[in-house]
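Novice: Data: target28.txt, compact mmCIF, C-alpha atoms.
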```txt
# COMPACT_ATOMS: atom_id res chain seq x y z
CA MET A 24 170.96 32.84 27.71
CA LEU A 25 168.60 35.49 26.38
CA ILE A 26 168.38 38.97 27.83
CA LEU A 27 165.30 41.01 26.94
CA ILE A 28 165.61 44.79 27.12
CA ARG A 29 162.47 46.86 27.35
CA GLY A 30 163.09 50.04 25.35
CA GLY A 31 165.56 50.82 22.61
CA GLY A 32 166.55 54.41 23.39
CA ASP A 33 170.15 55.56 23.64
CA LEU A 34 170.74 54.35 27.21
CA ALA A 35 169.12 50.96 26.60
CA THR A 36 171.09 50.65 23.37
CA GLY A 37 174.33 51.28 25.25
CA VAL A 38 173.36 48.47 27.62
CA ALA A 39 172.60 46.16 24.68
CA ILE A 40 175.93 46.91 23.00
CA ARG A 41 177.91 46.27 26.20
CA LEU A 42 176.11 42.94 26.71
CA ILE A 43 176.54 41.89 23.08
CA HIS A 44 180.26 42.70 23.19
CA SER A 45 180.40 40.43 26.24
CA GLY A 46 179.06 37.55 24.13
CA LEU A 47 175.43 37.63 25.26
CA ARG A 48 172.26 37.41 23.17
CA VAL A 49 169.89 40.38 23.36
CA ALA A 50 166.39 41.19 22.11
CA ILE A 51 164.59 44.53 22.49
CA THR A 52 160.93 45.50 22.79
CA GLU A 53 159.65 48.91 21.70
CA LEU A 54 156.60 51.07 21.06
CA PRO A 55 154.93 51.23 17.62
CA GLN A 56 156.16 54.85 17.45
CA PRO A 57 159.31 55.18 19.56
CA LEU A 58 160.16 58.61 20.97
CA ALA A 59 163.93 58.17 21.07
CA VAL A 60 165.72 61.51 20.74
CA ARG A 61 169.26 60.29 20.00
CA ARG A 62 168.05 58.20 17.09
CA THR A 63 171.49 57.66 15.51
CA VAL A 64 172.52 55.64 18.59
CA SER A 65 169.14 54.05 19.38
CA PHE A 66 168.10 50.59 18.21
CA ALA A 67 164.52 51.90 18.49
CA GLU A 68 165.09 53.56 15.12
CA ALA A 69 164.82 50.10 13.51
CA VAL A 70 161.04 50.38 14.00
CA TYR A 71 161.04 53.23 11.46
CA ALA A 72 163.94 52.20 9.22
CA GLY A 73 163.48 48.43 9.24
CA GLU A 74 167.17 47.93 10.05
CA VAL A 75 169.85 50.06 11.66
CA THR A 76 173.53 49.56 12.46
CA ILE A 77 175.10 51.21 15.49
CA GLU A 78 178.80 50.86 16.20
CA GLY A 79 178.97 47.77 14.02
CA ILE A 80 175.94 45.99 15.51
CA SER A 81 172.81 45.65 13.37
CA ALA A 82 169.22 45.45 14.56
CA GLN A 83 166.10 44.51 12.61
CA CYS A 84 162.47 45.30 13.32
CA VAL A 85 159.94 42.53 13.99
CA THR A 86 156.40 43.86 13.76
CA ASP A 87 154.83 40.62 15.03
CA PRO A 88 156.32 39.67 18.42
CA THR A 89 154.82 36.16 18.08
CA ASP A 90 156.83 35.48 14.89
CA SER A 91 159.35 33.17 16.54
CA LEU A 92 160.82 32.03 13.22
CA ARG A 93 161.73 35.58 12.19
CA ILE A 94 163.20 36.28 15.61
CA LEU A 95 165.34 33.15 15.46
CA THR A 96 166.42 34.02 11.92
CA ILE A 97 167.60 37.46 13.06
CA PHE A 98 169.50 35.88 15.95
CA GLY A 99 171.05 33.46 13.45
CA ARG A 100 172.35 36.42 11.44
CA GLN A 101 174.01 37.78 14.59
CA LYS A 102 171.63 40.74 14.70
CA VAL A 103 169.34 42.17 17.35
CA PRO A 104 165.58 41.69 16.95
CA VAL A 105 163.62 44.83 17.86
CA LEU A 106 160.07 43.73 18.58
CA VAL A 107 157.10 46.07 18.33
CA ASP A 108 155.75 44.89 21.65
CA PRO A 109 154.93 47.65 24.16
CA ASP A 110 153.34 45.19 26.60
CA CYS A 111 156.33 42.81 26.50
CA THR A 112 154.12 39.86 25.55
CA ALA A 113 157.10 38.20 23.85
CA ALA A 114 158.57 37.41 27.27
CA ARG A 115 156.05 34.59 27.65
CA THR A 116 157.30 32.90 24.47
CA LEU A 117 161.00 33.83 24.49
CA HIS A 118 161.45 32.99 28.20
CA PRO A 119 164.35 35.40 28.85
CA MET A 120 166.29 34.69 32.01
CA VAL A 121 166.93 38.41 32.48
CA ILE A 122 164.75 41.42 31.69
CA VAL A 123 166.26 44.90 31.75
CA ASP A 124 163.68 47.67 31.90
CA GLY A 125 165.36 50.55 30.10
CA ARG A 126 162.31 52.53 29.05
CA MET A 127 163.19 55.39 31.44
CA THR A 128 159.53 56.09 32.21
CA LYS A 129 160.55 57.11 35.76
CA SER A 130 157.55 55.19 37.11
CA PRO A 131 157.07 51.66 38.49
CA PRO A 132 156.73 48.92 35.84
CA GLU A 133 153.37 47.32 35.15
CA PRO A 134 152.95 43.51 35.44
CA ILE A 135 153.75 41.62 32.22
CA GLY A 136 152.63 38.12 33.21
CA TYR A 137 156.16 36.72 33.27
CA ILE A 138 158.75 36.53 36.02
CA PRO A 139 162.39 36.20 34.87
CA ARG A 140 165.23 34.99 37.05
CA LEU A 141 166.41 38.59 37.29
CA TYR A 142 164.51 41.83 36.63
CA ILE A 143 166.75 44.90 36.45
CA GLY A 144 165.42 48.45 36.39
CA LEU A 145 167.25 51.51 35.12
CA GLY A 146 166.88 54.72 37.06
CA PRO A 147 164.05 56.38 39.00
CA GLY A 148 160.78 54.53 39.46
CA PHE A 149 162.46 51.30 40.48
CA VAL A 150 162.96 50.05 44.03
CA ALA A 151 164.98 46.88 44.50
CA GLY A 152 163.05 44.31 46.49
CA LYS A 153 159.74 45.95 45.60
CA ASN A 154 159.23 46.16 41.83
CA CYS A 155 162.53 44.69 40.63
CA GLN A 156 165.51 42.80 42.03
CA ALA A 157 168.24 45.26 41.10
CA VAL A 158 168.38 48.93 40.13
CA ILE A 159 171.13 50.69 38.18
CA GLU A 160 171.85 54.35 38.87
CA THR A 161 171.42 56.42 35.71
CA ARG A 162 172.23 59.88 36.99
CA ARG A 163 175.72 61.23 36.38
CA GLY A 164 177.88 61.43 39.47
CA SER A 165 179.87 59.19 41.75
CA THR A 166 177.15 56.51 41.77
CA LEU A 167 176.51 56.33 37.99
CA GLY A 168 176.29 52.68 36.93
CA ARG A 169 176.20 51.41 40.51
CA VAL A 170 173.99 48.40 41.29
CA PHE A 171 171.48 48.67 44.14
CA TRP A 172 170.07 45.44 45.57
CA ASN A 173 168.07 47.29 48.21
CA GLY A 174 166.19 50.54 47.81
CA GLY A 175 166.39 52.77 44.78
CA PRO A 176 168.60 55.26 42.93
CA GLU A 177 168.59 59.02 43.28
CA PRO A 178 165.05 60.42 42.83
CA ASP A 179 164.04 62.12 39.61
CA THR A 180 164.73 65.84 39.83
CA GLY A 181 162.57 66.66 36.82
CA GLN A 182 165.51 68.57 35.35
CA PRO A 183 167.97 67.50 32.63
CA GLU A 184 171.61 67.00 33.53
CA GLY A 185 174.13 69.68 32.63
CA ASP A 186 173.03 72.82 30.79
CA HIS A 187 169.23 72.81 30.84
CA ALA A 188 169.17 74.94 27.69
CA ARG A 189 170.51 72.04 25.60
CA VAL A 190 167.16 70.21 25.79
CA LEU A 191 164.63 71.15 23.14
CA ARG A 192 160.95 70.82 24.06
CA SER A 193 157.79 71.08 22.02
CA PRO A 194 156.21 74.56 22.24
CA ALA A 195 152.77 73.22 21.28
CA ASP A 196 150.72 70.17 20.41
CA GLY A 197 151.08 69.05 16.82
CA GLU A 198 153.13 67.29 14.17
CA LEU A 199 156.88 67.73 14.24
CA ILE A 200 158.26 69.09 10.96
CA ALA A 201 162.05 68.88 10.92
CA ARG A 202 164.05 71.75 9.40
CA THR A 203 167.42 70.21 10.25
CA LYS A 204 168.77 66.70 10.76
CA ILE A 205 170.80 65.04 13.48
CA GLY A 206 174.49 65.83 13.07
CA ASP A 207 173.93 69.26 11.51
CA HIS A 208 175.88 72.24 12.77
CA VAL A 209 173.36 74.84 13.94
CA GLU A 210 173.75 78.47 14.88
CA GLN A 211 172.08 80.11 17.85
CA GLY A 212 168.52 81.07 16.89
CA GLN A 213 168.41 78.74 13.86
CA VAL A 214 165.09 76.96 13.34
CA ILE A 215 165.43 73.26 14.22
CA ALA A 216 161.81 72.21 13.72
CA GLU A 217 158.25 73.48 13.61
CA ILE A 218 155.35 72.17 15.68
CA GLY A 219 151.79 73.49 15.61
CA GLY A 220 152.89 76.54 13.66
CA GLN A 221 155.57 77.44 16.21
CA SER A 222 159.32 77.26 15.71
CA VAL A 223 161.85 75.40 17.82
CA THR A 224 165.17 77.27 17.67
CA ALA A 225 168.72 76.44 18.73
CA PRO A 226 169.50 77.97 22.15
CA PHE A 227 173.20 78.19 21.27
CA THR A 228 175.64 77.20 18.54
CA GLY A 229 176.55 73.52 18.36
CA ILE A 230 175.63 70.15 16.84
CA LEU A 231 172.09 68.82 16.72
CA ARG A 232 172.72 65.68 18.81
CA GLY A 233 169.19 64.34 18.77
CA LEU A 234 165.72 64.91 17.35
CA ILE A 235 162.70 62.63 17.55
CA HIS A 236 161.41 61.10 14.34
CA PRO A 237 159.89 63.69 11.95
CA GLY A 238 156.16 63.38 11.43
CA LEU A 239 155.34 62.32 14.97
CA VAL A 240 152.46 64.10 16.69
CA VAL A 241 153.73 65.37 20.04
CA ASN A 242 152.38 67.16 23.08
CA GLN A 243 153.48 70.53 24.39
CA GLY A 244 156.47 70.22 26.72
CA LEU A 245 157.70 66.88 25.38
CA LYS A 246 161.46 66.57 24.98
CA ILE A 247 162.06 66.48 21.23
CA GLY A 248 165.73 67.29 20.75
CA ASP A 249 169.18 67.91 22.16
CA ILE A 250 171.97 70.33 21.22
CA ASP A 251 175.64 69.59 21.96
CA SER A 252 177.75 72.71 22.48
CA ARG A 253 180.98 70.74 21.91
CA ASP A 254 180.25 71.10 18.19
CA ASN A 255 182.01 67.81 17.37
CA PRO A 256 180.27 66.07 14.44
CA ASP A 257 181.68 62.67 15.44
CA LEU A 258 179.93 62.54 18.82
CA TYR A 259 176.36 62.21 17.56
CA GLN A 260 177.15 58.75 16.20
CA MET A 261 178.83 57.48 19.37
CA VAL A 262 177.11 55.67 22.22
CA SER A 263 177.67 57.84 25.29
CA ASP A 264 179.99 57.08 28.17
CA LYS A 265 176.91 57.25 30.40
CA ALA A 266 175.10 54.53 28.46
CA LEU A 267 178.16 52.26 28.53
CA SER A 268 178.62 52.83 32.26
CA ILE A 269 175.01 51.81 32.87
CA GLY A 270 175.62 48.76 30.67
CA GLY A 271 178.55 47.85 32.89
CA GLY A 272 176.25 48.00 35.90
CA VAL A 273 173.77 45.67 34.21
CA LEU A 274 176.54 43.21 33.38
CA GLU A 275 177.74 43.32 37.00
CA ALA A 276 174.22 42.63 38.27
CA ILE A 277 173.90 39.58 36.04
CA LEU A 278 177.34 38.25 36.97
CA THR A 279 176.54 38.65 40.66
CA LYS A 280 174.02 35.81 40.38
CA PRO A 281 175.90 32.46 40.39
CA GLU A 282 172.95 30.61 38.86
CA LEU A 283 172.99 32.99 35.90
CA ARG A 284 176.76 33.18 35.64
CA LEU A 285 176.92 29.44 34.94
CA GLN A 286 174.52 29.77 32.00
CA MET A 287 175.57 33.09 30.48
CA TRP A 288 177.47 31.82 27.47
CA ALA A 289 175.85 28.37 27.21
```
Mind converting the file's structure to structure tokens?

Specialist:
Amino acid sequence: MLILIRGGGDLATGVAIRLIHSGLRVAITELPQPLAVRRTVSFAEAVYAGEVTIEGISAQCVTDPTDSLRILTIFGRQKVPVLVDPDCTAARTLHPMVIVDGRMTKSPPEPIGYIPRLYIGLGPGFVAGKNCQAVIETRRGSTLGRVFWNGGPEPDTGQPEGDHARVLRSPADGELIARTKIGDHVEQGQVIAEIGGQSVTAPFTGILRGLIHPGLVVNQGLKIGDIDSRDNPDLYQMVSDKALSIGGGVLEAILTKPELRLQMWA
């Protein structure tokens, strides 16, 4: 059984890894220029690098989503195909039984011309029974990873979780020029990047946990980076507990369906 995940950011990657460890086959669709912040734990980075390995699982980019032979070859090598396919056109040829929408757009999904046996949405923007069949809570708290078969998760607050200062945003429109790299120790006030002639500085001392791909042209206010005050250099390469919890919710949703359960490892 094939599971197609829309989006290859850090949360969607955690879902993919949990499903793969459970013996399931996964493919991912992404934008031509992904905006993943935690790139060291995002399969989306394969679009830029060609191939990436995260926690022992490798993913390879497929620029032509209609290239079925290349996709099958990547599956045969026990790797994850990452398709440059923002409109999810590959669903009509791959025929996935399950689609997981992990793009975190916080808005309802657009029609893709294909109806899977189960469409799962992650986080705000999804309402079970309206634009998907199941929704997984993505906000930290007592309901994180919980499956909703009716209604939706907690609404988007528009604010990041935890210390708001940890999130780095673009001060202007322009090309991002990196002055540090993910995993670097940074001191408070240190220049992380420059955009449109303006500097992005570290709000406190810690580890640069995430930074979108250098060279991208971004808009003012876009989230471009993340600082971790724990200052542990090992954490930037680890899929988060949050992502794995959400992955557990996705696995539960799939297993809840008897008709899918019988075909999961066929």

Novice: Between range 69-186 of chain A and range 243-264 of chain A, at 12 Å or less, what are the per-residue closest atom pairs and their distances in Å? Count only C-alpha atoms, order by chain and rising residue number, and return it as a tab-separated table.

Specialist:
```
residue	atom	partner	partner_atom	distance
A:Thr76	CA	A:Gln260	CA	10.6
A:Ile77	CA	A:Gln260	CA	7.8
A:Glu78	CA	A:Met261	CA	7.3
A:Gly79	CA	A:Met261	CA	11.1
A:Ile80	CA	A:Val262	CA	11.8
A:Thr161	CA	A:Asp264	CA	11.4
A:Arg163	CA	A:Asp264	CA	10.1
A:Leu167	CA	A:Asp264	CA	10.4
A:Gly168	CA	A:Asp264	CA	10.5
A:Gly181	CA	A:Lys246	CA	11.9
A:Gln182	CA	A:Lys246	CA	11.3
A:Pro183	CA	A:Lys246	CA	10.1
A:Glu184	CA	A:Asp249	CA	11.7
A:Gly185	CA	A:Asp251	CA	10.8
A:Asp186	CA	A:Ser252	CA	9.6
```

Novice: Report the distance between CA of Gln221 in chain A and CA of Glu198 in chain A in Å, rounded to one decimal place.

Specialist: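 A separation of 10.6 Å between them.
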
Novice: Using only C-alpha atoms, which residue out of A:Gln83, A:Gly212, A:Arg202, A:Leu54 lies closest to Thr96 in chain A?

Specialist: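 Closest to Thr96 in chain A, using only C-alpha atoms: A:Gln83.
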
Novice: When distances are computed from only C-alpha atoms, which of A:Ile40, A:Ile218, A:Ile230, A:Ile94 shows the smallest separation from Ile205 in chain A?

Specialist: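 Using only C-alpha atoms, Ile205 in chain A sits closest to A:Ile230.
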
Novice: Do you have, as CSV, the list of residues of range 36-153 of chain A lying at most 10 Å from range 232-240 of chain A, each with its nearest atom pair and that distance in Å to one decimal, counting all atoms listed in the file and ordered by chain then number?

Specialist:
```
residue,atom,partner,partner_atom,distance
A:Gln56,CA,A:Leu239,CA,7.9
A:Pro57,CA,A:His236,CA,8.2
A:Leu58,CA,A:Ile235,CA,5.9
A:Ala59,CA,A:Ile235,CA,5.8
A:Val60,CA,A:Ile235,CA,4.5
A:Arg61,CA,A:Gly233,CA,4.2
A:Arg62,CA,A:Gly233,CA,6.5
A:Thr63,CA,A:Gly233,CA,7.8
A:Val64,CA,A:Gly233,CA,9.3
A:Glu68,CA,A:His236,CA,8.4
A:Tyr71,CA,A:His236,CA,8.4
```

Novice: Next, dump the selected residues to file, keeping only C-alpha atoms, as a PDB file, in the coordinates of the input.

Specialist:
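See part-v9.pdb below for the written result:
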```pdb
ATOM      1  CA  GLN A  56     156.160  54.850  17.450  1.00  0.00           C
ATOM      2  CA  PRO A  57     159.310  55.180  19.560  1.00  0.00           C
ATOM      3  CA  LEU A  58     160.160  58.610  20.970  1.00  0.00           C
ATOM      4  CA  ALA A  59     163.930  58.170  21.070  1.00  0.00           C
ATOM      5  CA  VAL A  60     165.720  61.510  20.740  1.00  0.00           C
ATOM      6  CA  ARG A  61     169.260  60.290  20.000  1.00  0.00           C
ATOM      7  CA  ARG A  62     168.050  58.200  17.090  1.00  0.00           C
ATOM      8  CA  THR A  63     171.490  57.660  15.510  1.00  0.00           C
ATOM      9  CA  VAL A  64     172.520  55.640  18.590  1.00  0.00           C
ATOM     10  CA  GLU A  68     165.090  53.560  15.120  1.00  0.00           C
ATOM     11  CA  TYR A  71     161.040  53.230  11.460  1.00  0.00           C
TER      12      TYR A  71
END
```

Novice: Using CA of Ile43 in chain A and CA of Lys102 in chain A as the two end points, give the distance in Å to one decimal.

Specialist: 9.8 Å

Novice: Grab the CA of Arg140 in chain A to CA of Pro119 in chain A distance for me, in Å with one decimal place.

Specialist: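 Separation between CA of Arg140 in chain A and CA of Pro119 in chain A: 8.3 Å.
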
Novice: So which residues fall inside 6 Å of (176.4, 77.1, 20.3) if we count only C-alpha atoms? Mind giving them as a compact mmCIF listing (two decimals) with C-alpha atoms, keeping the file's coordinate frame?

Specialist:
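Output (out_19.txt):
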```txt
# COMPACT_ATOMS: atom_id res chain seq x y z
CA GLN A 211 172.08 80.11 17.85
CA PHE A 227 173.20 78.19 21.27
CA THR A 228 175.64 77.20 18.54
CA GLY A 229 176.55 73.52 18.36
CA SER A 252 177.75 72.71 22.48
```

Novice: Name the residues in contact with Gln286 in chain A at a cut-off of 12 Å, using only C-alpha atoms, excluding same-chain residues fewer than 3 positions from it; report them as a PyMOL selection string.

Specialist: chain A and resi 24-26+46-48+120-121+140+277-278+280-283+289

Novice: Which is closest to Ile97 in chain A among A:Thr112, A:Thr279, A:Ser81, A:Ser45, if we use only C-alpha atoms?

Specialist: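 Ranked by minimum distance to Ile97 in chain A, first place goes to A:Ser81.
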
Novice: Tell me which of A:Gly146, A:Pro194, A:Gly270, A:Pro132 sits closest to Glu177 in chain A, counting only C-alpha atoms.

Specialist: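 When distances to Glu177 in chain A are compared using only C-alpha atoms, the smallest one comes from A:Gly146.
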
Novice: With only C-alpha atoms counted, which protein, DNA or RNA residues have an atom no more than 9 Å from (162.6, 76.3, 19.4) in the file frame? Please answer as a ChimeraX atom specification.

Specialist: /A:191-194,212-217,221-226

Novice: Residues near Leu27 in chain A, anyone? I mean within 8 Å using all atoms listed in the file, not counting same-chain ones fewer than 5 positions away, as a PyMOL selection string.

Specialist: chain A and resi 49-52+114+119+121-123

Novice: Convert the current residue selection to file output with C-alpha atoms, as a PDB file, in the coordinates of the input.

Specialist:
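Generated output (again_18.pdb):
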```pdb
ATOM      1  CA  VAL A  49     169.890  40.380  23.360  1.00  0.00           C
ATOM      2  CA  ALA A  50     166.390  41.190  22.110  1.00  0.00           C
ATOM      3  CA  ILE A  51     164.590  44.530  22.490  1.00  0.00           C
ATOM      4  CA  THR A  52     160.930  45.500  22.790  1.00  0.00           C
ATOM      5  CA  ALA A 114     158.570  37.410  27.270  1.00  0.00           C
ATOM      6  CA  PRO A 119     164.350  35.400  28.850  1.00  0.00           C
ATOM      7  CA  VAL A 121     166.930  38.410  32.480  1.00  0.00           C
ATOM      8  CA  ILE A 122     164.750  41.420  31.690  1.00  0.00           C
ATOM      9  CA  VAL A 123     166.260  44.900  31.750  1.00  0.00           C
TER      10      VAL A 123
END
```

Novice: Return the single residue from A:Met127, A:Ala69, A:Leu95, A:Ile135 that is closest to Val107 in chain A, with distances computed using only C-alpha atoms.

Specialist: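 Looking only at the distances to Val107 in chain A, the closest residue turns out to be A:Ala69.
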